[in-house]
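Reproduced below: protein19.pdb, with PDB, C-alpha atoms, pLDDT in the B column.
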```
ATOM      1  CA  MET A   1     -59.635  28.462  -8.966  1.00 59.00           C
ATOM      2  CA  ALA A   2     -61.010  25.004  -8.107  1.00 69.00           C
ATOM      3  CA  SER A   3     -63.797  25.340 -10.660  1.00 80.00           C
ATOM      4  CA  ALA A   4     -61.267  26.222 -13.391  1.00 77.00           C
ATOM      5  CA  ALA A   5     -59.281  23.083 -12.522  1.00 79.00           C
ATOM      6  CA  ASN A   6     -62.490  21.036 -12.591  1.00 82.00           C
ATOM      7  CA  ALA A   7     -63.461  22.479 -15.963  1.00 79.00           C
ATOM      8  CA  ASN A   8     -60.027  21.586 -17.335  1.00 83.00           C
ATOM      9  CA  LEU A   9     -60.293  18.062 -15.910  1.00 86.00           C
ATOM     10  CA  ASN A  10     -63.677  17.623 -17.569  1.00 88.00           C
ATOM     11  CA  ALA A  11     -62.276  18.914 -20.871  1.00 89.00           C
ATOM     12  CA  VAL A  12     -59.368  16.432 -20.680  1.00 92.00           C
ATOM     13  CA  ARG A  13     -61.775  13.589 -19.867  1.00 92.00           C
ATOM     14  CA  GLU A  14     -64.023  14.415 -22.826  1.00 93.00           C
ATOM     15  CA  THR A  15     -61.045  14.779 -25.173  1.00 94.00           C
ATOM     16  CA  MET A  16     -59.657  11.417 -23.992  1.00 96.00           C
ATOM     17  CA  ASP A  17     -63.017   9.738 -24.639  1.00 95.00           C
ATOM     18  CA  VAL A  18     -63.097  11.114 -28.195  1.00 96.00           C
ATOM     19  CA  LEU A  19     -59.446  10.161 -28.795  1.00 97.00           C
ATOM     20  CA  LEU A  20     -60.107   6.615 -27.556  1.00 97.00           C
ATOM     21  CA  GLU A  21     -63.069   6.259 -29.907  1.00 97.00           C
ATOM     22  CA  ILE A  22     -61.015   7.599 -32.853  1.00 97.00           C
ATOM     23  CA  SER A  23     -58.231   5.191 -31.872  1.00 97.00           C
ATOM     24  CA  ARG A  24     -60.692   2.289 -31.854  1.00 96.00           C
ATOM     25  CA  LEU A  25     -62.157   3.257 -35.241  1.00 96.00           C
ATOM     26  CA  LEU A  26     -58.652   3.525 -36.712  1.00 96.00           C
ATOM     27  CA  ASN A  27     -57.791   0.096 -35.270  1.00 95.00           C
ATOM     28  CA  THR A  28     -54.603   1.323 -33.595  1.00 96.00           C
ATOM     29  CA  GLY A  29     -54.660  -1.391 -30.902  1.00 94.00           C
ATOM     30  CA  LEU A  30     -54.228   1.132 -28.069  1.00 95.00           C
ATOM     31  CA  ASP A  31     -56.256   0.652 -24.894  1.00 93.00           C
ATOM     32  CA  MET A  32     -57.124   3.509 -22.520  1.00 94.00           C
ATOM     33  CA  GLU A  33     -54.020   2.903 -20.389  1.00 94.00           C
ATOM     34  CA  SER A  34     -51.518   2.952 -23.257  1.00 95.00           C
ATOM     35  CA  LEU A  35     -53.361   5.834 -24.937  1.00 96.00           C
ATOM     36  CA  SER A  36     -53.089   7.975 -21.814  1.00 96.00           C
ATOM     37  CA  ILE A  37     -49.357   7.162 -21.544  1.00 96.00           C
ATOM     38  CA  CYS A  38     -48.949   8.159 -25.203  1.00 97.00           C
ATOM     39  CA  VAL A  39     -50.886  11.399 -24.639  1.00 96.00           C
ATOM     40  CA  ARG A  40     -48.544  12.293 -21.770  1.00 95.00           C
ATOM     41  CA  LEU A  41     -45.488  11.463 -23.904  1.00 96.00           C
ATOM     42  CA  CYS A  42     -46.818  13.728 -26.675  1.00 95.00           C
ATOM     43  CA  GLU A  43     -47.423  16.445 -24.060  1.00 94.00           C
ATOM     44  CA  GLN A  44     -43.731  16.043 -23.117  1.00 94.00           C
ATOM     45  CA  GLY A  45     -42.787  16.838 -26.721  1.00 92.00           C
ATOM     46  CA  ILE A  46     -42.046  13.324 -28.022  1.00 94.00           C
ATOM     47  CA  ASN A  47     -42.331  13.167 -31.823  1.00 93.00           C
ATOM     48  CA  PRO A  48     -45.555  11.229 -32.661  1.00 95.00           C
ATOM     49  CA  GLU A  49     -43.979   9.387 -35.616  1.00 93.00           C
ATOM     50  CA  ALA A  50     -41.073   8.245 -33.424  1.00 94.00           C
ATOM     51  CA  LEU A  51     -43.544   7.206 -30.731  1.00 96.00           C
ATOM     52  CA  SER A  52     -45.511   5.131 -33.235  1.00 96.00           C
ATOM     53  CA  ALA A  53     -42.240   3.365 -34.179  1.00 94.00           C
ATOM     54  CA  VAL A  54     -41.625   2.641 -30.469  1.00 95.00           C
ATOM     55  CA  ILE A  55     -45.107   1.134 -30.056  1.00 96.00           C
ATOM     56  CA  LYS A  56     -44.707  -1.054 -33.150  1.00 94.00           C
ATOM     57  CA  GLU A  57     -41.301  -2.290 -31.921  1.00 93.00           C
ATOM     58  CA  LEU A  58     -42.692  -3.050 -28.456  1.00 93.00           C
ATOM     59  CA  ARG A  59     -45.524  -5.020 -30.030  1.00 91.00           C
ATOM     60  CA  LYS A  60     -43.076  -7.025 -32.143  1.00 90.00           C
ATOM     61  CA  ALA A  61     -40.926  -7.775 -29.089  1.00 87.00           C
ATOM     62  CA  SER A  62     -43.820  -8.819 -26.839  1.00 83.00           C
ATOM     63  CA  GLU A  63     -45.301 -10.852 -29.691  1.00 80.00           C
ATOM     64  CA  SER A  64     -42.016 -12.771 -30.002  1.00 79.00           C
ATOM     65  CA  LEU A  65     -42.205 -13.503 -26.278  1.00 72.00           C
ATOM     66  CA  LYS A  66     -45.713 -14.924 -26.690  1.00 68.00           C
ATOM     67  CA  VAL A  67     -44.550 -17.072 -29.640  1.00 67.00           C
ATOM     68  CA  ARG A  68     -41.707 -18.434 -27.496  1.00 64.00           C
ATOM     69  CA  LYS A  69     -44.297 -19.196 -24.845  1.00 57.00           C
ATOM     70  CA  LEU A  70     -46.273 -21.286 -27.325  1.00 56.00           C
ATOM     71  CA  SER A  71     -43.170 -23.319 -28.318  1.00 59.00           C
ATOM     72  CA  PRO A  72     -41.566 -24.308 -24.980  1.00 55.00           C
ATOM     73  CA  ASN A  73     -38.842 -26.404 -26.688  1.00 54.00           C
ATOM     74  CA  THR A  74     -37.258 -23.314 -28.212  1.00 48.00           C
ATOM     75  CA  VAL A  75     -33.832 -22.674 -26.716  1.00 45.00           C
ATOM     76  CA  THR A  76     -33.263 -18.991 -25.904  1.00 44.00           C
TER
ATOM     77  CA  ILE B   1     -45.575   9.450 -13.569  1.00 62.00           C
ATOM     78  CA  SER B   2     -44.312  12.506 -15.397  1.00 77.00           C
ATOM     79  CA  SER B   3     -40.853  12.090 -16.916  1.00 90.00           C
ATOM     80  CA  VAL B   4     -40.231  10.619 -20.373  1.00 91.00           C
ATOM     81  CA  THR B   5     -38.178   7.745 -18.902  1.00 92.00           C
ATOM     82  CA  GLU B   6     -40.946   6.830 -16.437  1.00 93.00           C
ATOM     83  CA  LEU B   7     -43.595   7.050 -19.172  1.00 94.00           C
ATOM     84  CA  LEU B   8     -41.577   4.838 -21.528  1.00 93.00           C
ATOM     85  CA  GLY B   9     -41.194   2.328 -18.681  1.00 92.00           C
ATOM     86  CA  ALA B  10     -44.963   2.385 -18.169  1.00 93.00           C
ATOM     87  CA  LEU B  11     -45.478   1.832 -21.908  1.00 92.00           C
ATOM     88  CA  CYS B  12     -43.180  -1.233 -21.749  1.00 91.00           C
ATOM     89  CA  ASP B  13     -45.149  -2.548 -18.754  1.00 89.00           C
ATOM     90  CA  SER B  14     -48.468  -2.084 -20.528  1.00 89.00           C
ATOM     91  CA  SER B  15     -47.193  -4.051 -23.533  1.00 85.00           C
ATOM     92  CA  LEU B  16     -46.339  -6.921 -21.160  1.00 81.00           C
ATOM     93  CA  SER B  17     -49.818  -7.138 -19.690  1.00 78.00           C
ATOM     94  CA  GLY B  18     -51.417 -10.526 -20.269  1.00 70.00           C
ATOM     95  CA  VAL B  19     -48.104 -12.430 -20.264  1.00 70.00           C
ATOM     96  CA  SER B  20     -47.911 -15.110 -17.591  1.00 69.00           C
ATOM     97  CA  TRP B  21     -44.536 -15.084 -15.806  1.00 65.00           C
ATOM     98  CA  LYS B  22     -44.988 -18.223 -13.713  1.00 65.00           C
ATOM     99  CA  ARG B  23     -43.721 -20.655 -16.389  1.00 60.00           C
ATOM    100  CA  ARG B  24     -41.663 -17.956 -18.067  1.00 60.00           C
ATOM    101  CA  ALA B  25     -39.301 -17.685 -15.099  1.00 59.00           C
ATOM    102  CA  LEU B  26     -38.564 -21.410 -15.406  1.00 54.00           C
ATOM    103  CA  GLY B  27     -37.634 -20.902 -19.056  1.00 62.00           C
ATOM    104  CA  GLY B  28     -34.928 -18.449 -18.037  1.00 66.00           C
ATOM    105  CA  VAL B  29     -36.775 -15.268 -19.030  1.00 69.00           C
ATOM    106  CA  SER B  30     -37.527 -13.130 -16.018  1.00 77.00           C
ATOM    107  CA  ARG B  31     -40.001 -10.290 -16.117  1.00 78.00           C
ATOM    108  CA  GLU B  32     -37.279  -7.831 -15.116  1.00 83.00           C
ATOM    109  CA  GLY B  33     -34.918  -9.115 -17.811  1.00 83.00           C
ATOM    110  CA  PHE B  34     -37.556  -8.844 -20.488  1.00 82.00           C
ATOM    111  CA  ARG B  35     -38.606  -5.413 -19.255  1.00 86.00           C
ATOM    112  CA  ARG B  36     -34.988  -4.252 -19.606  1.00 88.00           C
ATOM    113  CA  ALA B  37     -34.824  -5.684 -23.148  1.00 87.00           C
ATOM    114  CA  LEU B  38     -38.094  -3.925 -24.029  1.00 89.00           C
ATOM    115  CA  LYS B  39     -36.809  -0.601 -22.701  1.00 91.00           C
ATOM    116  CA  LYS B  40     -33.643  -0.982 -24.785  1.00 91.00           C
ATOM    117  CA  CYS B  41     -35.793  -1.746 -27.818  1.00 90.00           C
ATOM    118  CA  ALA B  42     -38.041   1.289 -27.116  1.00 92.00           C
ATOM    119  CA  TYR B  43     -35.098   3.692 -26.766  1.00 92.00           C
ATOM    120  CA  GLY B  44     -33.478   2.196 -29.888  1.00 91.00           C
ATOM    121  CA  ALA B  45     -36.623   2.817 -31.960  1.00 90.00           C
ATOM    122  CA  LEU B  46     -37.138   6.309 -30.530  1.00 90.00           C
ATOM    123  CA  LEU B  47     -33.578   7.478 -31.083  1.00 89.00           C
ATOM    124  CA  SER B  48     -33.144   5.948 -34.542  1.00 87.00           C
ATOM    125  CA  LYS B  49     -36.372   7.637 -35.688  1.00 79.00           C
ATOM    126  CA  LEU B  50     -35.298  10.974 -34.243  1.00 77.00           C
ATOM    127  CA  PHE B  51     -31.867  10.780 -35.926  1.00 76.00           C
ATOM    128  CA  GLN B  52     -33.494   9.769 -39.222  1.00 72.00           C
ATOM    129  CA  ASP B  53     -35.784  12.792 -39.018  1.00 63.00           C
ATOM    130  CA  GLY B  54     -32.784  15.020 -38.388  1.00 61.00           C
ATOM    131  CA  THR B  55     -30.997  13.896 -41.555  1.00 62.00           C
ATOM    132  CA  LYS B  56     -34.223  13.958 -43.623  1.00 58.00           C
ATOM    133  CA  GLY B  57     -34.813  17.581 -42.720  1.00 53.00           C
ATOM    134  CA  CYS B  58     -31.347  18.561 -43.928  1.00 50.00           C
ATOM    135  CA  ALA B  59     -31.285  16.536 -47.130  1.00 50.00           C
ATOM    136  CA  SER B  60     -34.708  17.074 -48.655  1.00 51.00           C
ATOM    137  CA  GLY B  61     -38.073  18.674 -48.003  1.00 51.00           C
ATOM    138  CA  LEU B  62     -40.921  16.906 -46.244  1.00 56.00           C
ATOM    139  CA  SER B  63     -43.296  14.761 -48.293  1.00 63.00           C
ATOM    140  CA  ALA B  64     -46.780  16.093 -49.040  1.00 64.00           C
ATOM    141  CA  THR B  65     -48.407  13.587 -46.652  1.00 68.00           C
ATOM    142  CA  ALA B  66     -46.013  14.424 -43.827  1.00 70.00           C
ATOM    143  CA  SER B  67     -46.912  18.096 -44.055  1.00 81.00           C
ATOM    144  CA  THR B  68     -50.682  17.460 -44.191  1.00 88.00           C
ATOM    145  CA  PRO B  69     -52.368  18.393 -40.896  1.00 92.00           C
ATOM    146  CA  PRO B  70     -53.462  15.272 -38.925  1.00 94.00           C
ATOM    147  CA  ARG B  71     -57.150  16.247 -39.047  1.00 95.00           C
ATOM    148  CA  ASN B  72     -56.992  16.282 -42.852  1.00 95.00           C
ATOM    149  CA  ARG B  73     -55.227  12.919 -42.809  1.00 96.00           C
ATOM    150  CA  VAL B  74     -58.074  11.466 -40.754  1.00 96.00           C
ATOM    151  CA  LEU B  75     -60.489  12.868 -43.355  1.00 96.00           C
ATOM    152  CA  MET B  76     -58.401  11.144 -46.047  1.00 96.00           C
ATOM    153  CA  ILE B  77     -58.804   7.875 -44.116  1.00 96.00           C
ATOM    154  CA  CYS B  78     -62.579   8.520 -43.984  1.00 97.00           C
ATOM    155  CA  PHE B  79     -62.540   8.848 -47.773  1.00 96.00           C
ATOM    156  CA  ASP B  80     -60.606   5.571 -48.094  1.00 96.00           C
ATOM    157  CA  LEU B  81     -63.098   3.860 -45.763  1.00 95.00           C
ATOM    158  CA  ARG B  82     -66.008   5.062 -47.919  1.00 95.00           C
ATOM    159  CA  VAL B  83     -64.279   3.819 -51.072  1.00 96.00           C
ATOM    160  CA  ALA B  84     -63.793   0.439 -49.328  1.00 95.00           C
ATOM    161  CA  GLY B  85     -67.531   0.314 -48.573  1.00 95.00           C
ATOM    162  CA  CYS B  86     -67.217   1.045 -44.829  1.00 94.00           C
ATOM    163  CA  ARG B  87     -69.620   4.001 -44.849  1.00 95.00           C
ATOM    164  CA  GLU B  88     -70.750   3.638 -41.221  1.00 95.00           C
ATOM    165  CA  GLU B  89     -67.176   3.625 -39.878  1.00 94.00           C
ATOM    166  CA  ALA B  90     -66.306   6.645 -42.048  1.00 96.00           C
ATOM    167  CA  GLU B  91     -69.306   8.594 -40.730  1.00 97.00           C
ATOM    168  CA  ARG B  92     -68.552   7.661 -37.135  1.00 96.00           C
ATOM    169  CA  LEU B  93     -64.934   8.743 -37.584  1.00 97.00           C
ATOM    170  CA  GLU B  94     -65.979  12.094 -39.077  1.00 97.00           C
ATOM    171  CA  GLU B  95     -68.426  12.566 -36.227  1.00 96.00           C
ATOM    172  CA  GLN B  96     -65.711  11.949 -33.609  1.00 96.00           C
ATOM    173  CA  LEU B  97     -63.308  14.269 -35.434  1.00 96.00           C
ATOM    174  CA  GLU B  98     -65.903  17.054 -35.264  1.00 95.00           C
ATOM    175  CA  ARG B  99     -66.333  16.380 -31.532  1.00 94.00           C
ATOM    176  CA  LEU B 100     -62.579  16.605 -30.914  1.00 94.00           C
ATOM    177  CA  PRO B 101     -61.890  20.056 -29.460  1.00 89.00           C
ATOM    178  CA  GLU B 102     -59.023  22.104 -30.880  1.00 86.00           C
ATOM    179  CA  GLY B 103     -56.269  23.873 -28.954  1.00 81.00           C
ATOM    180  CA  ALA B 104     -56.700  24.910 -25.325  1.00 80.00           C
ATOM    181  CA  SER B 105     -60.388  23.921 -25.169  1.00 85.00           C
ATOM    182  CA  SER B 106     -59.286  20.261 -25.338  1.00 84.00           C
ATOM    183  CA  GLY B 107     -57.483  20.581 -22.005  1.00 87.00           C
ATOM    184  CA  LEU B 108     -54.350  19.221 -23.738  1.00 90.00           C
ATOM    185  CA  LYS B 109     -51.413  21.095 -25.220  1.00 90.00           C
ATOM    186  CA  GLU B 110     -50.670  18.624 -28.009  1.00 92.00           C
ATOM    187  CA  VAL B 111     -53.994  17.224 -29.174  1.00 94.00           C
ATOM    188  CA  ASP B 112     -52.901  17.361 -32.844  1.00 94.00           C
ATOM    189  CA  ALA B 113     -49.702  15.432 -32.035  1.00 95.00           C
ATOM    190  CA  VAL B 114     -51.836  12.684 -30.426  1.00 96.00           C
ATOM    191  CA  LEU B 115     -54.049  12.621 -33.525  1.00 96.00           C
ATOM    192  CA  GLU B 116     -50.932  12.313 -35.686  1.00 96.00           C
ATOM    193  CA  LEU B 117     -49.787   9.355 -33.558  1.00 97.00           C
ATOM    194  CA  LEU B 118     -53.164   7.660 -34.091  1.00 97.00           C
ATOM    195  CA  VAL B 119     -52.871   8.212 -37.859  1.00 97.00           C
ATOM    196  CA  HIS B 120     -49.410   6.569 -37.833  1.00 96.00           C
ATOM    197  CA  LEU B 121     -50.800   3.604 -35.886  1.00 97.00           C
ATOM    198  CA  ALA B 122     -53.968   3.279 -37.995  1.00 96.00           C
ATOM    199  CA  GLY B 123     -54.567  -0.336 -38.998  1.00 93.00           C
ATOM    200  CA  SER B 124     -51.537  -1.590 -37.062  1.00 92.00           C
ATOM    201  CA  ALA B 125     -53.580  -3.878 -34.779  1.00 87.00           C
ATOM    202  CA  PRO B 126     -55.032  -7.167 -35.982  1.00 77.00           C
ATOM    203  CA  PRO B 127     -58.657  -6.729 -37.109  1.00 72.00           C
ATOM    204  CA  PRO B 128     -61.282  -7.524 -34.459  1.00 68.00           C
ATOM    205  CA  PRO B 129     -62.663 -11.089 -34.705  1.00 67.00           C
ATOM    206  CA  ALA B 130     -65.750 -11.344 -36.872  1.00 64.00           C
ATOM    207  CA  SER B 131     -68.963 -12.025 -34.961  1.00 59.00           C
ATOM    208  CA  PHE B 132     -71.350 -14.665 -36.239  1.00 59.00           C
TER
END
```
Since I need it in another form, could you write the structure as structure tokens?
Amino acid sequence: MASAANANLNAVRETMDVLLEISRLLNTGLDMESLSICVRLCEQGINPEALSAVIKELRKASESLKVRKLSPNTVT
Amino acid sequence: ISSVTELLGALCDSSLSGVSWKRRALGGVSREGFRRALKKCAYGALLSKLFQDGTKGCASGLSATASTPPRNRVLMICFDLRVAGCREEAERLEEQLERLPEGASSGLKEVDAVLELLVHLAGSAPPPPASF
């Protein structure tokens, strides 16, 4: 029982390593932390295209925050 | 973390990493306030995409690219990389794709969905800085 769980854990680890490398080669901008969150969201049945739209929107929003940080005179 | 709401919250948090909140709080933007705005933005994007997909399915068939399996779409990207002269990257990508286990042997239920996500996000990050 424990060895089956270990084997599955090893399989997940190896798959995650390959996915991270593919992600890096595709220049997706995902780090290991956000990739593992995305994997779990996909495992929960979230549509991958919709999830990619979410990630792009979050990037736009956090980018706008960083721009505001660079121009402190901007009134929000 | 296991529920979709918790995972989306974690995704918002990870997109805020690297932002300093010390001066930000003085400017009237609190971390909590911005986190709430990000969550609203995330749910907005998720739901609008899901509703769009619902109407698309009723009105017309899926496009050829949308129905192509994600592994084949990665191979199409490899072809594009070769055409663009990035042979090494294309080979490395093909190599990794061969290493990626299919189905239950991957330990994941939705490995192809994750691959599809990566295809949708391909090239969405700024290119890495050139080294001299």
For chain B against chain A, with a cut-off of 7 Å and counting all atoms listed in the file, what is the closest atom pair and its distance in Å to one decimal for every residue that makes the cut, ordered by chain and number, as a Markdown table?
```
| residue | atom | partner | partner_atom | distance |
| --- | --- | --- | --- | --- |
| B:Val4 | CA | A:Leu41 | CA | 6.4 |
| B:Leu7 | CA | A:Ile37 | CA | 6.2 |
| B:Leu11 | CA | A:Ser34 | CA | 6.3 |
| B:Cys12 | CA | A:Leu58 | CA | 7.0 |
| B:Ser14 | CA | A:Ser34 | CA | 6.5 |
| B:Ser15 | CA | A:Ser62 | CA | 6.7 |
| B:Leu16 | CA | A:Ser62 | CA | 6.5 |
| B:Leu38 | CA | A:Leu58 | CA | 6.4 |
| B:Cys41 | CA | A:Glu57 | CA | 6.9 |
| B:Ala42 | CA | A:Val54 | CA | 5.1 |
| B:Ala45 | CA | A:Val54 | CA | 5.2 |
| B:Leu46 | CA | A:Ala50 | CA | 5.3 |
| B:Lys49 | CA | A:Ala50 | CA | 5.3 |
| B:Leu50 | CA | A:Ala50 | CA | 6.4 |
| B:Glu89 | CA | A:Leu25 | CA | 6.8 |
| B:Leu93 | CA | A:Ile22 | CA | 6.2 |
| B:Gln96 | CA | A:Val18 | CA | 6.1 |
| B:Leu100 | CA | A:Val18 | CA | 6.1 |
| B:Pro101 | CA | A:Thr15 | CA | 6.9 |
| B:Ser105 | CA | A:Ala11 | CA | 6.9 |
| B:Ser106 | CA | A:Ala11 | CA | 5.5 |
| B:Gly107 | CA | A:Val12 | CA | 4.7 |
| B:Leu108 | CA | A:Val12 | CA | 6.5 |
| B:Lys109 | CA | A:Glu43 | CA | 6.2 |
| B:Glu110 | CA | A:Glu43 | CA | 5.6 |
| B:Ala113 | CA | A:Pro48 | CA | 5.9 |
| B:Val114 | CA | A:Val39 | CA | 6.0 |
| B:Glu116 | CA | A:Pro48 | CA | 6.3 |
| B:Leu117 | CA | A:Pro48 | CA | 4.7 |
| B:Leu118 | CA | A:Ser23 | CA | 6.1 |
| B:His120 | CA | A:Ser52 | CA | 6.2 |
| B:Leu121 | CA | A:Thr28 | CA | 5.0 |
| B:Ala122 | CA | A:Thr28 | CA | 4.9 |
| B:Gly123 | CA | A:Asn27 | CA | 4.9 |
| B:Ser124 | CA | A:Thr28 | CA | 5.5 |
| B:Ala125 | CA | A:Gly29 | CA | 4.7 |
```
Item to complete: Find the distance between atom CA of Val111 of chain B and atom CA of Arg99 of chain B and write it in Å to one decimal.
Response: 12.6 Å
Discussion item. Between atom CA of Gln52 of chain B and atom CA of Lys40 of chain B, what is the distance in Å, rounded to a tenth?
Written reply: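 About the pair atom CA of Gln52 of chain B and atom CA of Lys40 of chain B: they are 18.0 Å apart.
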Fill in: Gap from atom CA of Ala37 of chain B to atom CA of Pro127 of chain B - Å, one decimal
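Rounded to one decimal, the two atoms are 27.6 Å apart.
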Item to complete: Using the chain letters and numbers from the file, give me the residues hit by the PyMOL selection byres ((chain B and resi 69) around 12), as a VMD selection string.
Response: chain B and resid 64 to 68 70 to 76 111 to 117 119
Axis-aligned box for segment 7-25 of chain A, 3 Å per side, centre and edges in Å as lines of an AutoDock Vina configuration file:
```
center_x = -61.1
center_y = 12.4
center_z = -25.6
size_x = 11.8
size_y = 26.2
size_z = 25.3
```
